[in-house]
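S.K.: Let me give you the structure first, and then I'll get to my questions.
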Amino acid sequence: MSAPTLSPRKAARPRPGDRSSARPDSAREEFLRALRRNISAHGFLIGAVLCFSLFSWYPMVREFILAFQKNEDGTTTWAGWSNLTYVFNDPAFWQAWRNTLLFTVLALLLGFVVPFAVAVVLNEFRHGQGYLRLLVYLPVMLPPVASVLLFKYFYDPGYGLFNRILGIFHLPEQQWLQDTSTSMLSVVIAATWMNMGGATLIYLAALQGIPGELYEAAELDGAGLLRKIWHVTIPQTRLILSLLLLMQIIATMQVFTEPFLLTNGAGPEGSTTTVVYLIYQYAFNFNNYGSAAALGLVLLVVLAGFSAVYVRLSRSSED
């Protein structure tokens, strides 16, 4: 007698927990549900990738190609290293780098120290701190051109505000933007006032995250204000200080707006000619786009090299 067999209806019934009996198209339906659920996120992601490709990555690749090309009478030919050779043999190249490095050093002395000091002072206020933060950040919200033109009025040798202040104290008037000894410092002062608000607020947020117990322990050890800043504040904000230092160096080495509007770019005897302004001259004054792209490539390599060295030193110090 043969063993009883299951009926077709019972044989097709899935057992609980048996995944092998799932429908073949269940995975496809699950994928479609996940796609519909995240369609907006994918749309924003695709838009961001397209924007970066069009406005960031494509210009970088195009600049790299253009640095080795030459365009004469509408005909584009490969120039090899001739654009780089022309840039390195140009006397304005070395003067622009000297001015850019001078601007970077002065901007670090003012634009790196002053925002941190202002943040330390603001952190001591217990009332009205919101209004003070708004006051400090207000220059950042102003259009850069308006801020630069305001300082151009302040620096005017005839009726400028700064010379009037010097006259009150019976001090000699200065040719702020017309003198080679003060032109770069004048540009740095304007740039520091325009851009210090964002760094100040970042420093202030970092300071407010420091536990108060550390300051209390320092006071019990007899530490004064300067020792508390040196032994508590700076070590606790070292990461933020390092990050903003790198960002500020990269930003200051690409300065263009302030010298262009204050001193017409070059300044007296070329004292405010920067690397980015020299790129502007190559491209739009001399119509030498190959040399402009070559100089931009040199600036990119310098900044990338500095960033790589900085990251390596940061990792070694953490280890």
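If you're wondering about the labels, chains in the structure tokens are A, B, ... by order shown, residues count from 1 in each chain, ligands from 1 in order shown.
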Find the spatial neighbours of stretch 107-120 of chain A, counting only C-alpha atoms, within a cut-off of 6 Å - ignore same-chain residues fewer than 3 positions away - and output them as number ranges by chain.
M.R.: A: 103-104, 123, 188, 192, 196, 200, 203-204
S.K.: When you look at A:Ser291 with a cut-off of 10 Å (counting only C-alpha atoms), what residues show up, excluding the ones that are within fewer than 4 positions of it in the same chain? I need them as a PDB file with N, CA, C and O atoms, in the first residue's frame.
M.R.:
ATOM      1  N   LEU A  66      43.882  73.525 -20.370  1.00  0.00           N
ATOM      2  CA  LEU A  66      44.210  74.824 -20.955  1.00  0.00           C
ATOM      3  C   LEU A  66      45.626  75.263 -20.596  1.00  0.00           C
ATOM      4  O   LEU A  66      46.254  76.030 -21.339  1.00  0.00           O
ATOM      5  N   ALA A  67      46.158  74.778 -19.459  1.00  0.00           N
ATOM      6  CA  ALA A  67      47.506  75.166 -19.058  1.00  0.00           C
ATOM      7  C   ALA A  67      48.568  74.667 -20.026  1.00  0.00           C
ATOM      8  O   ALA A  67      49.684  75.197 -20.043  1.00  0.00           O
ATOM      9  N   PHE A  68      48.243  73.670 -20.830  1.00  0.00           N
ATOM     10  CA  PHE A  68      49.203  73.118 -21.782  1.00  0.00           C
ATOM     11  C   PHE A  68      48.789  73.403 -23.228  1.00  0.00           C
ATOM     12  O   PHE A  68      49.232  72.726 -24.139  1.00  0.00           O
ATOM     13  N   GLN A  69      47.925  74.405 -23.391  1.00  0.00           N
ATOM     14  CA  GLN A  69      47.483  74.784 -24.720  1.00  0.00           C
ATOM     15  C   GLN A  69      47.767  76.255 -24.982  1.00  0.00           C
ATOM     16  O   GLN A  69      47.975  77.045 -24.053  1.00  0.00           O
ATOM     17  N   LYS A  70      47.729  76.626 -26.255  1.00  0.00           N
ATOM     18  CA  LYS A  70      47.908  78.019 -26.652  1.00  0.00           C
ATOM     19  C   LYS A  70      46.905  78.324 -27.749  1.00  0.00           C
ATOM     20  O   LYS A  70      46.708  77.530 -28.670  1.00  0.00           O
ATOM     21  N   SER A  82      55.497  75.454 -22.352  1.00  0.00           N
ATOM     22  CA  SER A  82      55.838  76.851 -22.656  1.00  0.00           C
ATOM     23  C   SER A  82      55.071  77.835 -21.788  1.00  0.00           C
ATOM     24  O   SER A  82      55.605  78.891 -21.423  1.00  0.00           O
ATOM     25  N   ASN A  83      53.816  77.529 -21.442  1.00  0.00           N
ATOM     26  CA  ASN A  83      53.048  78.434 -20.580  1.00  0.00           C
ATOM     27  C   ASN A  83      53.672  78.519 -19.188  1.00  0.00           C
ATOM     28  O   ASN A  83      53.791  79.612 -18.617  1.00  0.00           O
ATOM     29  N   LEU A  84      54.066  77.379 -18.648  1.00  0.00           N
ATOM     30  CA  LEU A  84      54.714  77.386 -17.339  1.00  0.00           C
ATOM     31  C   LEU A  84      56.061  78.092 -17.397  1.00  0.00           C
ATOM     32  O   LEU A  84      56.433  78.825 -16.463  1.00  0.00           O
ATOM     33  N   THR A  85      56.786  77.902 -18.486  1.00  0.00           N
ATOM     34  CA  THR A  85      58.074  78.589 -18.638  1.00  0.00           C
ATOM     35  C   THR A  85      57.887  80.103 -18.696  1.00  0.00           C
ATOM     36  O   THR A  85      58.642  80.860 -18.086  1.00  0.00           O
ATOM     37  N   TYR A  86      56.863  80.532 -19.419  1.00  0.00           N
ATOM     38  CA  TYR A  86      56.578  81.967 -19.509  1.00  0.00           C
ATOM     39  C   TYR A  86      56.228  82.550 -18.136  1.00  0.00           C
ATOM     40  O   TYR A  86      56.670  83.644 -17.775  1.00  0.00           O
ATOM     41  N   VAL A  87      55.427  81.801 -17.368  1.00  0.00           N
ATOM     42  CA  VAL A  87      55.007  82.287 -16.045  1.00  0.00           C
ATOM     43  C   VAL A  87      56.203  82.400 -15.107  1.00  0.00           C
ATOM     44  O   VAL A  87      56.385  83.414 -14.409  1.00  0.00           O
ATOM     45  N   PHE A  88      57.062  81.380 -15.084  1.00  0.00           N
ATOM     46  CA  PHE A  88      58.198  81.397 -14.165  1.00  0.00           C
ATOM     47  C   PHE A  88      59.238  82.444 -14.552  1.00  0.00           C
ATOM     48  O   PHE A  88      59.979  82.930 -13.700  1.00  0.00           O
ATOM     49  N   LEU A 278      47.235  88.474 -10.626  1.00  0.00           N
ATOM     50  CA  LEU A 278      48.090  88.236 -11.787  1.00  0.00           C
ATOM     51  C   LEU A 278      47.415  87.274 -12.758  1.00  0.00           C
ATOM     52  O   LEU A 278      47.523  87.429 -13.985  1.00  0.00           O
ATOM     53  N   ILE A 279      46.713  86.271 -12.235  1.00  0.00           N
ATOM     54  CA  ILE A 279      45.923  85.391 -13.095  1.00  0.00           C
ATOM     55  C   ILE A 279      44.870  86.195 -13.844  1.00  0.00           C
ATOM     56  O   ILE A 279      44.653  85.998 -15.055  1.00  0.00           O
ATOM     57  N   TYR A 282      46.617  88.118 -16.666  1.00  0.00           N
ATOM     58  CA  TYR A 282      46.950  87.250 -17.793  1.00  0.00           C
ATOM     59  C   TYR A 282      45.718  86.988 -18.671  1.00  0.00           C
ATOM     60  O   TYR A 282      45.795  87.054 -19.910  1.00  0.00           O
ATOM     61  N   ALA A 283      44.597  86.683 -18.024  1.00  0.00           N
ATOM     62  CA  ALA A 283      43.416  86.244 -18.763  1.00  0.00           C
ATOM     63  C   ALA A 283      42.691  87.402 -19.430  1.00  0.00           C
ATOM     64  O   ALA A 283      42.358  87.332 -20.621  1.00  0.00           O
ATOM     65  N   PHE A 286      45.725  90.603 -20.852  1.00  0.00           N
ATOM     66  CA  PHE A 286      46.661  90.186 -21.889  1.00  0.00           C
ATOM     67  C   PHE A 286      46.076  89.136 -22.832  1.00  0.00           C
ATOM     68  O   PHE A 286      46.740  88.756 -23.802  1.00  0.00           O
ATOM     69  N   ASN A 287      44.853  88.636 -22.531  1.00  0.00           N
ATOM     70  CA  ASN A 287      44.220  87.580 -23.332  1.00  0.00           C
ATOM     71  C   ASN A 287      45.113  86.346 -23.474  1.00  0.00           C
ATOM     72  O   ASN A 287      45.103  85.651 -24.495  1.00  0.00           O
ATOM     73  N   LEU A 295      49.350  79.469 -14.254  1.00  0.00           N
ATOM     74  CA  LEU A 295      49.564  80.057 -12.929  1.00  0.00           C
ATOM     75  C   LEU A 295      48.536  79.551 -11.927  1.00  0.00           C
ATOM     76  O   LEU A 295      48.855  79.311 -10.759  1.00  0.00           O
ATOM     77  N   GLY A 296      47.302  79.375 -12.375  1.00  0.00           N
ATOM     78  CA  GLY A 296      46.297  78.783 -11.493  1.00  0.00           C
ATOM     79  C   GLY A 296      46.654  77.367 -11.089  1.00  0.00           C
ATOM     80  O   GLY A 296      46.420  76.950  -9.952  1.00  0.00           O
ATOM     81  N   LEU A 297      47.245  76.621 -12.014  1.00  0.00           N
ATOM     82  CA  LEU A 297      47.678  75.260 -11.696  1.00  0.00           C
ATOM     83  C   LEU A 297      48.813  75.273 -10.676  1.00  0.00           C
ATOM     84  O   LEU A 297      48.856  74.423  -9.773  1.00  0.00           O
TER      85      LEU A 297
END
S.K.: Could you tell me, as an MDAnalysis selection string, which residues of stretch 77-226 of chain A DSSP assigns to alpha helix (DSSP H) when given the backbone?
M.R.: chainID A and resid 82:88 91:111 113:123 129:141 144:154 161:168 183:208 212:220 225:226
S.K.: What's around A:Val187 at 9 Å? Count only C-alpha atoms, leave out sequence neighbours fewer than 3 positions away in its own chain, and write the answer as an MDAnalysis selection string.
M.R.: chainID A and resid 103 177 182:184 190:192 258:259 262:263 272
S.K.: In terms of the shortest atom-to-atom distance over only C-alpha atoms, which of A:Val49, A:Leu243, A:Ala217, A:Leu101 is closest to A:Val302?
M.R.: A:Leu101
S.K.: Could you check which of A:Leu102, A:Ile65, A:Ile240, A:Ala92 is closest to A:Tyr277, using only C-alpha atoms?
M.R.: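 Checking each candidate against A:Tyr277, we get A:Ala92 as the closest.
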S.K.: Considering only C-alpha atoms, return as a PyMOL selection string whatever protein or nucleic-acid residues lie within 7 Å of A:Val148, sequence-local ones (same chain, fewer than 2 positions apart) excluded.
M.R.: chain A and resi 144-146+150-152+190+258+261-262
S.K.: Could you save those same residues with C-alpha atoms as a tab-separated table (two decimals), in the first residue's frame?
M.R.:
chain	number	residue	atom	x	y	z
A	144	PRO	CA	31.95	92.64	0.09
A	145	VAL	CA	32.01	95.46	-2.46
A	146	ALA	CA	30.13	97.78	-0.08
A	150	LEU	CA	33.54	101.91	2.90
A	151	PHE	CA	37.17	101.32	3.83
A	152	LYS	CA	38.27	103.12	0.69
A	190	ALA	CA	39.95	95.84	5.68
A	258	GLU	CA	40.15	93.67	-1.45
A	261	LEU	CA	38.89	97.43	-5.27
A	262	LEU	CA	41.13	99.29	-2.83
S.K.: Enter the distance from atom CA of A:Met194 to atom CA of A:Val105, in Å, rounded to one decimal.
M.R.: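 Computed distance, atom CA of A:Met194 to atom CA of A:Val105, equals 17.2 Å.
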S.K.: Write out as a list in words the residues lying within 8 Å of A:Pro139, counting only C-alpha atoms and excluding same-chain residues fewer than 6 positions away.
M.R.: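 Listed by chain and then number, they are Ser147, Trp193, Met194, Asn195 and Gly197 of chain A.
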S.K.: Could you take the residues named above and write them with N, CA and C atoms, as an mmCIF file, in the first residue's frame?
M.R.:
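Ended up saving to part_20.cif:
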data_model
loop_
_atom_site.group_PDB
_atom_site.id
_atom_site.type_symbol
_atom_site.label_atom_id
_atom_site.label_comp_id
_atom_site.auth_asym_id
_atom_site.auth_seq_id
_atom_site.Cartn_x
_atom_site.Cartn_y
_atom_site.Cartn_z
ATOM 1 N N SER A 147 31.555 96.869 1.667
ATOM 2 C CA SER A 147 32.520 96.963 2.765
ATOM 3 C C SER A 147 33.851 97.532 2.291
ATOM 4 N N TRP A 193 38.483 92.970 9.040
ATOM 5 C CA TRP A 193 37.193 93.472 9.523
ATOM 6 C C TRP A 193 36.037 92.818 8.786
ATOM 7 N N MET A 194 36.205 92.560 7.497
ATOM 8 C CA MET A 194 35.130 91.997 6.694
ATOM 9 C C MET A 194 34.851 90.531 7.022
ATOM 10 N N ASN A 195 35.866 89.765 7.402
ATOM 11 C CA ASN A 195 35.730 88.308 7.469
ATOM 12 C C ASN A 195 35.875 87.719 8.865
ATOM 13 N N GLY A 197 33.912 87.875 11.475
ATOM 14 C CA GLY A 197 32.690 87.516 12.188
ATOM 15 C C GLY A 197 32.438 86.026 12.240
#
S.K.: Which of stretch 13-184 of chain A counts as strand (DSSP E or B) under DSSP, as a list in words please?
M.R.: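 Taking stretch 13-184 of chain A and keeping strand (DSSP E or B) gives Gln69, Lys70, Asn71, Glu72, Thr75, Thr76, Thr77 and Trp78 of chain A.
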S.K.: Keeping N, CA, C and O atoms, export the residues of the selection given above as a CSV table (one decimal), in the first residue's frame.
M.R.:
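Wrote out_14.csv, looks like this:
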chain,number,residue,atom,x,y,z
A,69,GLN,N,47.9,74.4,-23.4
A,69,GLN,CA,47.5,74.8,-24.7
A,69,GLN,C,47.8,76.3,-25.0
A,69,GLN,O,48.0,77.0,-24.1
A,70,LYS,N,47.7,76.6,-26.3
A,70,LYS,CA,47.9,78.0,-26.7
A,70,LYS,C,46.9,78.3,-27.7
A,70,LYS,O,46.7,77.5,-28.7
A,71,ASN,N,46.3,79.5,-27.6
A,71,ASN,CA,45.2,79.9,-28.6
A,71,ASN,C,45.7,81.1,-29.3
A,71,ASN,O,45.9,82.2,-28.7
A,72,GLU,N,45.9,81.0,-30.6
A,72,GLU,CA,46.4,82.1,-31.4
A,72,GLU,C,45.5,82.2,-32.7
A,72,GLU,O,45.4,81.2,-33.4
A,75,THR,N,43.0,79.5,-33.2
A,75,THR,CA,43.5,78.2,-33.4
A,75,THR,C,44.1,77.7,-32.1
A,75,THR,O,45.0,78.4,-31.6
A,76,THR,N,43.7,76.6,-31.6
A,76,THR,CA,44.2,76.0,-30.4
A,76,THR,C,45.2,74.9,-30.7
A,76,THR,O,44.9,74.0,-31.4
A,77,THR,N,46.4,75.1,-30.1
A,77,THR,CA,47.5,74.1,-30.3
A,77,THR,C,48.1,73.7,-29.0
A,77,THR,O,48.0,74.5,-28.0
A,78,TRP,N,48.7,72.6,-28.9
A,78,TRP,CA,49.4,72.1,-27.7
A,78,TRP,C,50.7,72.9,-27.5
A,78,TRP,O,51.5,72.9,-28.5
S.K.: Which residue out of A:Leu299, A:Leu171, A:Ile39, A:Leu207 has the minimum interatomic distance to A:Thr274 when only C-alpha atoms are used?
M.R.: A:Leu299
S.K.: With only C-alpha atoms as the counted atoms, please give the residues lying no more than 10 Å from A:Gln281, apart from itself and same-chain residues fewer than 5 positions off, as a compact mmCIF listing (two decimals) with all heavy atoms, in the first residue's frame.
M.R.:
# COMPACT_ATOMS: atom_id res chain seq x y z
N GLY A 265 44.11 96.71 -7.83
CA GLY A 265 44.79 95.45 -8.08
C GLY A 265 46.28 95.49 -7.83
O GLY A 265 46.79 94.78 -6.98
N ALA A 266 46.99 96.33 -8.56
CA ALA A 266 48.45 96.33 -8.45
C ALA A 266 48.95 97.14 -7.27
O ALA A 266 49.90 96.74 -6.60
CB ALA A 266 49.07 96.85 -9.75
N VAL A 275 48.75 86.76 -6.44
CA VAL A 275 48.79 85.71 -7.46
C VAL A 275 47.48 85.66 -8.23
O VAL A 275 47.46 85.55 -9.46
CB VAL A 275 49.10 84.36 -6.80
CG1 VAL A 275 48.99 83.23 -7.82
CG2 VAL A 275 50.49 84.36 -6.20
N VAL A 276 46.37 85.75 -7.52
CA VAL A 276 45.07 85.68 -8.20
C VAL A 276 44.86 86.90 -9.09
O VAL A 276 44.29 86.79 -10.18
CB VAL A 276 43.93 85.54 -7.17
CG1 VAL A 276 42.58 85.52 -7.84
CG2 VAL A 276 44.12 84.27 -6.34
N PHE A 286 45.72 90.60 -20.85
CA PHE A 286 46.66 90.19 -21.89
C PHE A 286 46.08 89.14 -22.83
O PHE A 286 46.74 88.76 -23.80
CB PHE A 286 47.94 89.62 -21.26
CG PHE A 286 48.57 90.53 -20.24
CD1 PHE A 286 49.23 90.02 -19.13
CD2 PHE A 286 48.49 91.91 -20.38
CE1 PHE A 286 49.81 90.85 -18.19
CE2 PHE A 286 49.07 92.75 -19.44
CZ PHE A 286 49.73 92.23 -18.35
N ASN A 287 44.85 88.64 -22.53
CA ASN A 287 44.22 87.58 -23.33
C ASN A 287 45.11 86.35 -23.47
O ASN A 287 45.10 85.65 -24.49
CB ASN A 287 43.85 88.10 -24.72
CG ASN A 287 42.74 89.13 -24.67
OD1 ASN A 287 41.83 89.03 -23.85
ND2 ASN A 287 42.82 90.13 -25.53
N ASN A 288 45.88 86.07 -22.43
CA ASN A 288 46.78 84.91 -22.41
C ASN A 288 46.18 83.88 -21.45
O ASN A 288 46.62 83.74 -20.31
CB ASN A 288 48.18 85.34 -21.98
CG ASN A 288 49.21 84.25 -22.19
OD1 ASN A 288 48.87 83.09 -22.44
ND2 ASN A 288 50.49 84.60 -22.09
N TYR A 289 45.18 83.17 -21.94
CA TYR A 289 44.47 82.24 -21.07
C TYR A 289 45.32 81.02 -20.71
O TYR A 289 45.14 80.43 -19.65
CB TYR A 289 43.17 81.78 -21.75
CG TYR A 289 42.18 82.89 -21.94
CD1 TYR A 289 42.05 83.53 -23.17
CD2 TYR A 289 41.39 83.32 -20.89
CE1 TYR A 289 41.15 84.56 -23.35
CE2 TYR A 289 40.48 84.36 -21.05
CZ TYR A 289 40.36 84.98 -22.28
OH TYR A 289 39.49 86.01 -22.45
N ALA A 292 47.41 82.09 -17.78
CA ALA A 292 46.54 82.23 -16.62
C ALA A 292 46.21 80.87 -16.02
O ALA A 292 46.25 80.68 -14.80
CB ALA A 292 45.26 82.97 -17.01
